[in-house]
>>> print(open('target.cif').read())   # mmCIF, C-alpha atoms and all ligand atoms
data_query
#
loop_
_atom_site.label_atom_id
_atom_site.label_comp_id
_atom_site.auth_asym_id
_atom_site.auth_seq_id
_atom_site.Cartn_x
_atom_site.Cartn_y
_atom_site.Cartn_z
CA MET A 905 -10.69 8.89 4.30
CA LEU A 906 -11.95 7.71 7.66
CA ARG A 907 -13.81 4.59 6.64
CA HIS A 908 -14.73 3.09 3.29
CA HIS A 909 -16.94 0.06 2.79
CA ILE A 910 -15.73 -1.82 -0.29
CA HIS A 911 -18.28 -4.61 -0.04
CA PRO A 912 -19.86 -6.52 2.83
CA GLY A 913 -16.98 -7.96 4.80
CA LEU A 914 -14.27 -5.74 3.32
CA GLU A 915 -13.49 -2.21 4.42
CA LEU A 916 -10.71 0.33 4.83
CA ARG A 917 -10.50 2.22 8.12
CA LEU A 918 -8.07 4.90 9.09
CA LEU A 919 -5.58 3.29 11.51
CA GLN A 920 -5.91 4.58 15.07
CA LEU A 921 -3.52 4.12 17.98
CA THR A 922 -5.93 1.58 19.46
CA ASP A 923 -5.23 -0.63 16.39
CA ALA A 924 -1.50 -0.84 17.22
CA PRO A 925 -1.67 -4.13 19.20
CA ARG A 926 -3.51 -5.83 16.33
CA LEU A 927 -1.15 -4.37 13.77
CA PHE A 928 1.94 -5.44 15.68
CA ALA A 929 0.52 -8.96 16.23
CA LEU A 930 -0.20 -9.25 12.49
CA VAL A 931 3.31 -8.23 11.51
CA ASP A 932 4.81 -10.47 14.20
CA ALA A 933 2.85 -13.51 13.02
CA ASN A 934 3.78 -12.96 9.36
CA ARG A 935 7.26 -11.50 9.53
CA LYS A 936 8.94 -14.27 7.54
CA SER A 937 6.83 -13.70 4.43
CA LEU A 938 6.47 -9.91 4.84
CA ARG A 939 10.23 -9.36 5.05
CA THR A 940 10.65 -10.79 1.53
CA TRP A 941 9.70 -7.41 0.05
CA LEU A 942 9.23 -4.99 2.94
CA PRO A 943 12.29 -3.30 4.45
CA TRP A 944 10.83 -2.30 7.83
CA VAL A 945 9.82 -5.74 9.16
CA ASP A 946 13.01 -6.64 11.06
CA ALA A 947 12.98 -3.21 12.73
CA THR A 948 9.41 -3.78 13.93
CA THR A 949 10.18 -5.74 17.07
CA LYS A 950 7.81 -4.31 19.65
CA LEU A 951 4.40 -2.73 20.04
CA SER A 952 5.85 0.77 20.28
CA HIS A 953 7.11 0.47 16.68
CA SER A 954 3.58 -0.09 15.40
CA GLN A 955 2.34 2.72 17.65
CA LYS A 956 4.98 5.01 16.14
CA PHE A 957 3.96 4.08 12.58
CA ILE A 958 0.33 4.92 13.32
CA ALA A 959 1.15 8.10 15.27
CA GLU A 960 3.33 9.37 12.43
CA ALA A 961 0.64 8.52 9.88
CA LEU A 962 -1.94 10.45 11.90
CA ARG A 963 0.45 13.41 12.11
CA ASP A 964 1.17 13.24 8.35
CA ARG A 965 -2.54 13.24 7.67
CA GLU A 966 -2.86 16.53 9.52
CA LYS A 967 0.06 18.05 7.65
CA THR A 968 -0.13 16.58 4.13
CA ARG A 969 -3.38 14.54 3.94
CA ALA A 970 -1.31 11.34 3.51
CA TYR A 971 -3.08 8.66 5.55
CA ALA A 972 -2.74 5.02 6.59
CA ALA A 973 -5.75 2.70 6.49
CA GLY A 974 -6.13 -0.79 7.85
CA ILE A 975 -7.66 -3.36 5.50
CA TRP A 976 -10.33 -5.28 7.37
CA SER A 977 -11.69 -8.51 5.92
CA SER A 978 -14.56 -10.16 7.80
CA GLY A 979 -13.67 -8.03 10.81
CA GLU A 980 -10.00 -9.07 10.82
CA LEU A 981 -7.10 -6.77 10.08
CA VAL A 982 -5.32 -8.36 7.09
CA GLY A 983 -3.06 -5.59 5.80
CA VAL A 984 -2.39 -1.89 5.46
CA ILE A 985 -2.55 0.62 2.62
CA TRP A 986 -1.10 4.10 3.06
CA HIS A 987 0.55 7.00 1.29
CA ASN A 988 4.30 7.02 1.85
CA ARG A 989 3.97 10.69 1.00
CA ILE A 990 2.02 13.13 -1.09
CA ASP A 991 4.15 15.55 -3.05
CA TRP A 992 1.83 18.54 -3.24
CA ALA A 993 4.29 20.71 -5.19
CA ASN A 994 4.07 18.24 -8.07
CA ARG A 995 0.68 16.72 -7.23
CA VAL A 996 1.91 13.15 -6.95
CA ALA A 997 0.81 10.48 -4.45
CA PHE A 998 3.07 7.55 -3.52
CA PRO A 999 0.93 4.78 -2.02
CA ALA A 1000 2.27 1.56 -0.51
CA TYR A 1001 0.52 -1.55 0.77
CA TRP A 1002 0.81 -5.06 2.08
CA LEU A 1003 -1.41 -8.02 2.85
CA VAL A 1004 -0.75 -11.09 4.94
CA PRO A 1005 -0.38 -14.25 2.80
CA SER A 1006 -3.67 -15.73 4.07
CA ALA A 1007 -5.51 -12.78 2.48
CA GLU A 1008 -3.73 -12.91 -0.89
CA GLY A 1009 -5.31 -14.28 -4.05
CA ARG A 1010 -8.80 -12.89 -3.41
CA GLY A 1011 -8.62 -9.51 -5.11
CA ILE A 1012 -8.60 -7.72 -1.74
CA MET A 1013 -5.64 -5.49 -2.54
CA ARG A 1014 -6.87 -4.71 -6.01
CA ALA A 1015 -10.13 -3.44 -4.53
CA ALA A 1016 -8.29 -1.51 -1.79
CA CYS A 1017 -5.92 0.10 -4.29
CA GLN A 1018 -8.83 1.09 -6.51
CA VAL A 1019 -10.43 2.95 -3.61
CA VAL A 1020 -7.19 4.71 -2.66
CA ILE A 1021 -6.41 5.68 -6.26
CA GLU A 1022 -9.92 6.99 -6.92
CA HIS A 1023 -9.74 8.97 -3.67
CA ALA A 1024 -6.34 10.36 -4.72
CA PHE A 1025 -7.67 11.43 -8.13
CA ASN A 1026 -11.15 12.60 -7.20
CA GLN A 1027 -10.82 13.92 -3.63
CA LEU A 1028 -7.15 14.82 -3.22
CA LYS A 1029 -6.99 15.77 -6.90
CA VAL A 1030 -3.41 14.68 -7.46
CA ASP A 1031 -2.31 14.42 -11.08
CA ARG A 1032 -0.37 11.17 -10.75
CA VAL A 1033 0.02 8.11 -8.57
CA ILE A 1034 3.44 6.47 -8.58
CA VAL A 1035 4.34 3.05 -7.18
CA ALA A 1036 7.80 1.48 -6.97
CA VAL A 1037 7.83 -2.31 -7.29
CA ALA A 1038 10.89 -4.52 -6.83
CA THR A 1039 11.58 -5.99 -10.26
CA GLU A 1040 11.36 -9.57 -8.96
CA ASN A 1041 8.15 -8.95 -7.00
CA HIS A 1042 5.97 -10.47 -9.70
CA ARG A 1043 2.82 -10.55 -7.60
CA ALA A 1044 3.03 -6.81 -6.90
CA ALA A 1045 3.85 -6.07 -10.54
CA ALA A 1046 0.82 -8.07 -11.71
CA LEU A 1047 -1.34 -6.02 -9.35
CA VAL A 1048 -0.21 -2.60 -10.62
CA ARG A 1049 -0.55 -3.70 -14.24
CA ARG A 1050 -4.08 -4.92 -13.58
CA LEU A 1051 -4.77 -1.52 -12.03
CA GLY A 1052 -3.80 0.21 -15.26
CA PHE A 1053 -0.37 1.51 -14.27
CA ALA A 1054 2.33 1.84 -16.94
CA GLN A 1055 6.00 1.27 -16.24
CA ILE A 1056 7.94 4.51 -16.76
CA SER A 1057 11.46 3.63 -15.59
CA THR A 1058 13.72 1.32 -13.64
CA LEU A 1059 16.00 2.24 -10.75
CA LYS A 1060 19.00 0.02 -10.23
CA LYS A 1061 19.87 -0.84 -6.61
CA ALA A 1062 16.91 1.23 -5.44
CA GLU A 1063 16.38 -0.42 -2.07
CA TRP A 1064 18.46 -2.30 0.51
CA LEU A 1065 16.50 -5.32 1.74
CA TYR A 1066 18.39 -6.57 4.82
CA ASP A 1067 21.28 -8.23 2.96
CA HIS A 1068 20.94 -7.29 -0.70
CA PHE A 1069 19.84 -4.52 -3.03
CA VAL A 1070 16.77 -4.81 -5.23
CA ASP A 1071 16.04 -2.89 -8.41
CA HIS A 1072 12.73 -1.05 -8.68
CA SER A 1073 10.35 -0.75 -11.59
CA ILE A 1074 8.56 2.59 -11.37
CA TYR A 1075 4.91 2.49 -12.37
CA GLN A 1076 2.66 5.48 -12.92
CA ARG A 1077 -1.04 6.07 -13.42
CA ILE A 1078 -2.21 9.48 -14.57
CA ASN A 1079 -5.41 11.15 -13.40
CA PRO A 1080 -7.58 11.25 -16.54
CA THR A 1081 -8.94 14.64 -15.48
CA ALA A 1082 -5.49 16.19 -14.90
CA SER A 1083 -5.24 19.19 -17.18
CA SER A 1084 -1.54 19.95 -16.90
CA LEU A 1085 -0.25 16.56 -18.09
CA PRO A 1086 -0.09 15.08 -21.57
C1 LIG A 1101 1.46 -7.39 -3.62
C2 LIG A 1101 0.25 -7.98 -2.92
C3 LIG A 1101 -0.52 -6.87 -2.23
C4 LIG A 1101 -0.64 -8.65 -3.97
O1 LIG A 1101 -1.74 -9.32 -3.34
P1 LIG A 1101 -2.81 -10.13 -4.23
O2 LIG A 1101 -3.77 -10.78 -3.33
O3 LIG A 1101 -2.07 -10.96 -5.22
O4 LIG A 1101 -3.47 -8.94 -5.01
P2 LIG A 1101 -4.88 -8.83 -5.72
O5 LIG A 1101 -5.81 -8.14 -4.81
O6 LIG A 1101 -4.63 -8.17 -7.05
O7 LIG A 1101 -5.38 -10.30 -5.96
C5 LIG A 1101 -5.07 -10.95 -7.16
C6 LIG A 1101 -5.40 -12.42 -7.03
O8 LIG A 1101 -6.72 -12.57 -6.51
C7 LIG A 1101 -7.50 -13.33 -7.44
N1 LIG A 1101 -8.88 -12.86 -7.32
C8 LIG A 1101 -9.88 -13.57 -6.74
N2 LIG A 1101 -11.00 -12.86 -6.74
C9 LIG A 1101 -10.73 -11.68 -7.34
C10 LIG A 1101 -11.49 -10.51 -7.62
N3 LIG A 1101 -12.79 -10.45 -7.30
N4 LIG A 1101 -10.89 -9.46 -8.22
C11 LIG A 1101 -9.59 -9.51 -8.55
N5 LIG A 1101 -8.80 -10.60 -8.30
C12 LIG A 1101 -9.37 -11.66 -7.70
C13 LIG A 1101 -6.83 -13.08 -8.77
O9 LIG A 1101 -7.17 -14.09 -9.69
C14 LIG A 1101 -5.38 -13.14 -8.35
O10 LIG A 1101 -5.05 -14.49 -8.09
P3 LIG A 1101 -3.63 -15.11 -8.43
O11 LIG A 1101 -2.67 -14.50 -7.47
O12 LIG A 1101 -3.81 -16.55 -8.21
O13 LIG A 1101 -3.33 -14.70 -9.84
C15 LIG A 1101 0.65 -9.03 -1.86
O14 LIG A 1101 1.29 -10.10 -2.52
C16 LIG A 1101 1.60 -8.48 -0.79
O15 LIG A 1101 1.16 -7.82 0.13
N6 LIG A 1101 2.91 -8.78 -0.92
C17 LIG A 1101 3.90 -8.37 0.07
C18 LIG A 1101 4.08 -6.88 0.16
C19 LIG A 1101 4.28 -6.23 -1.17
O16 LIG A 1101 4.91 -6.77 -2.03
N7 LIG A 1101 3.71 -5.03 -1.28
C20 LIG A 1101 3.75 -4.27 -2.53
C21 LIG A 1101 4.99 -3.50 -2.64
S1 LIG A 1101 4.98 -2.59 -4.18
#
>>> encode(input="target.cif", output="structure tokens", more="lines below")
Ligand SMILES: CC(C)(COP(=O)(O)OP(=O)(O)OC[C@H]1O[C@@H](n2cnc3c(N)ncnc32)[C@H](O)[C@@H]1OP(=O)(O)O)[C@@H](O)C(=O)NCCC(=O)NCCS
Amino acid sequence: MLRHHIHPGLELRLLQLTDAPRLFALVDANRKSLRTWLPWVDATTKLSHSQKFIAEALRDREKTRAYAAGIWSSGELVGVIWHNRIDWANRVAFPAYWLVPSAEGRGIMRAACQVVIEHAFNQLKVDRVIVAVATENHRAAALVRRLGFAQISTLKKAEWLYDHFVDHSIYQRINPTASSLP
């Protein structure tokens, strides 16, 4: 997916290295709120870290078709949605995403996730999409439930967030056209 218009004023665009300064500035300006649930924020201290994220995403896209897209609202970068990985042996995609607080509460991520999930089902033709949500991250849990995901398990102490572990709820949505799954 290179570019996808969701509606006037909202689009997804594959992140390019030229976006790194904007991406780093966005993380830098919102690090206090982003670090609540995202484990990589404190390690993102300079432009080269955002460049590395984008460069690795572009490389992954070549190798596995996993991609990272910027979420642009009214011409401003407001977040990112990407595939942590695509497990082709088992046909599962593992997307992840974040928005800055000023862009929350408008349905932006719901629309972005819908595009990425439909692309995963219809273009990539994966059988399942799986998302891990920290059990106390109620906003993220509300989003996946609204998107039709079902909780399939819980992982205790799944992720170290700077100074404490969080448990994860694992949510899954199955491709309705997948033939090999119940
Ligand atoms: C998780 C996260 C993406 C959710 O963002 P969000 O803006 O709440 O997500 P949505 O796009 O579903 O928006 C829902 C809100 O928009 C409102 N909304 C307004 N217009 C809407 C529309 N047209 N369609 C849907 N919702 C709309 C909903 O009523 C809801 O409002 P509420 O929060 O007051 O209940 C965001 O909080 C975030 O980035 N958090 C930090 C990182 C993170 O946790 N990432 C996920 C890890 S699993």
>>> atom_distance(input="target.cif", atom1="atom O7 of ligand LIG 1101 (chain A)", atom2="CA of Gln1076 (chain A)")
19.0 Å
>>> closest_atom_pairs(input="target.cif", of="chain A", to="ligand LIG 1101 (chain A)", cutoff="8 Å", atoms="all atoms listed in the file", output="CSV")
residue,atom,partner,partner_atom,distance
A:Ser937,CA,A:LIG1101,C17,7.5
A:Leu938,CA,A:LIG1101,C17,5.6
A:Thr940,CA,A:LIG1101,C17,7.3
A:Trp941,CA,A:LIG1101,O16,5.3
A:Leu942,CA,A:LIG1101,C18,6.2
A:Gly983,CA,A:LIG1101,O15,7.4
A:Ala1000,CA,A:LIG1101,C21,6.1
A:Tyr1001,CA,A:LIG1101,N7,5.1
A:Trp1002,CA,A:LIG1101,O15,3.4
A:Leu1003,CA,A:LIG1101,O15,3.7
A:Val1004,CA,A:LIG1101,O15,6.1
A:Pro1005,CA,A:LIG1101,O14,7.0
A:Ala1007,CA,A:LIG1101,O2,6.4
A:Glu1008,CA,A:LIG1101,O2,3.2
A:Gly1009,CA,A:LIG1101,O8,3.3
A:Arg1010,CA,A:LIG1101,C8,3.6
A:Gly1011,CA,A:LIG1101,O5,3.1
A:Ile1012,CA,A:LIG1101,O5,4.2
A:Met1013,CA,A:LIG1101,O5,3.5
A:Arg1014,CA,A:LIG1101,O5,3.8
A:Ala1015,CA,A:LIG1101,O5,6.4
A:Ala1016,CA,A:LIG1101,O5,7.7
A:Val1035,CA,A:LIG1101,S1,6.4
A:Ala1036,CA,A:LIG1101,S1,5.7
A:Val1037,CA,A:LIG1101,S1,4.2
A:Ala1038,CA,A:LIG1101,S1,6.8
A:Asn1041,CA,A:LIG1101,O16,6.3
A:Arg1043,CA,A:LIG1101,C1,5.3
A:Ala1044,CA,A:LIG1101,C1,3.7
A:Ala1045,CA,A:LIG1101,S1,7.3
A:Ala1046,CA,A:LIG1101,O6,7.2
A:Leu1047,CA,A:LIG1101,O6,4.6
A:Val1048,CA,A:LIG1101,O6,8.0
A:Arg1050,CA,A:LIG1101,O6,7.3
>>> residues_around(input="target.cif", residues="Pro925 (chain A)", least_positions_apart="6", cutoff="12 Å", atoms="only C-alpha atoms", output="list in words")
Leu919, Val931, Asp932, Lys950, Leu951, Ser952, His953, Ser954, Gln955, Lys956, Phe957, Ile958 and Leu981 of chain A
>>> residues_around(input="target.cif", residues="Asp1031 (chain A)", least_positions_apart="5", cutoff="7 Å", atoms="only C-alpha atoms", output="VMD selection string")
chain A and resid 995 to 996 1025 1078 to 1079 1082
>>> residues_around(input="target.cif", residues="Asp1067 (chain A)", least_positions_apart="2", cutoff="12 Å", atoms="all atoms listed in the file", output="list in words")
Arg939, Thr940, Trp941, Pro943, Asp946, Glu1063, Trp1064, Leu1065, Phe1069 and Val1070 of chain A
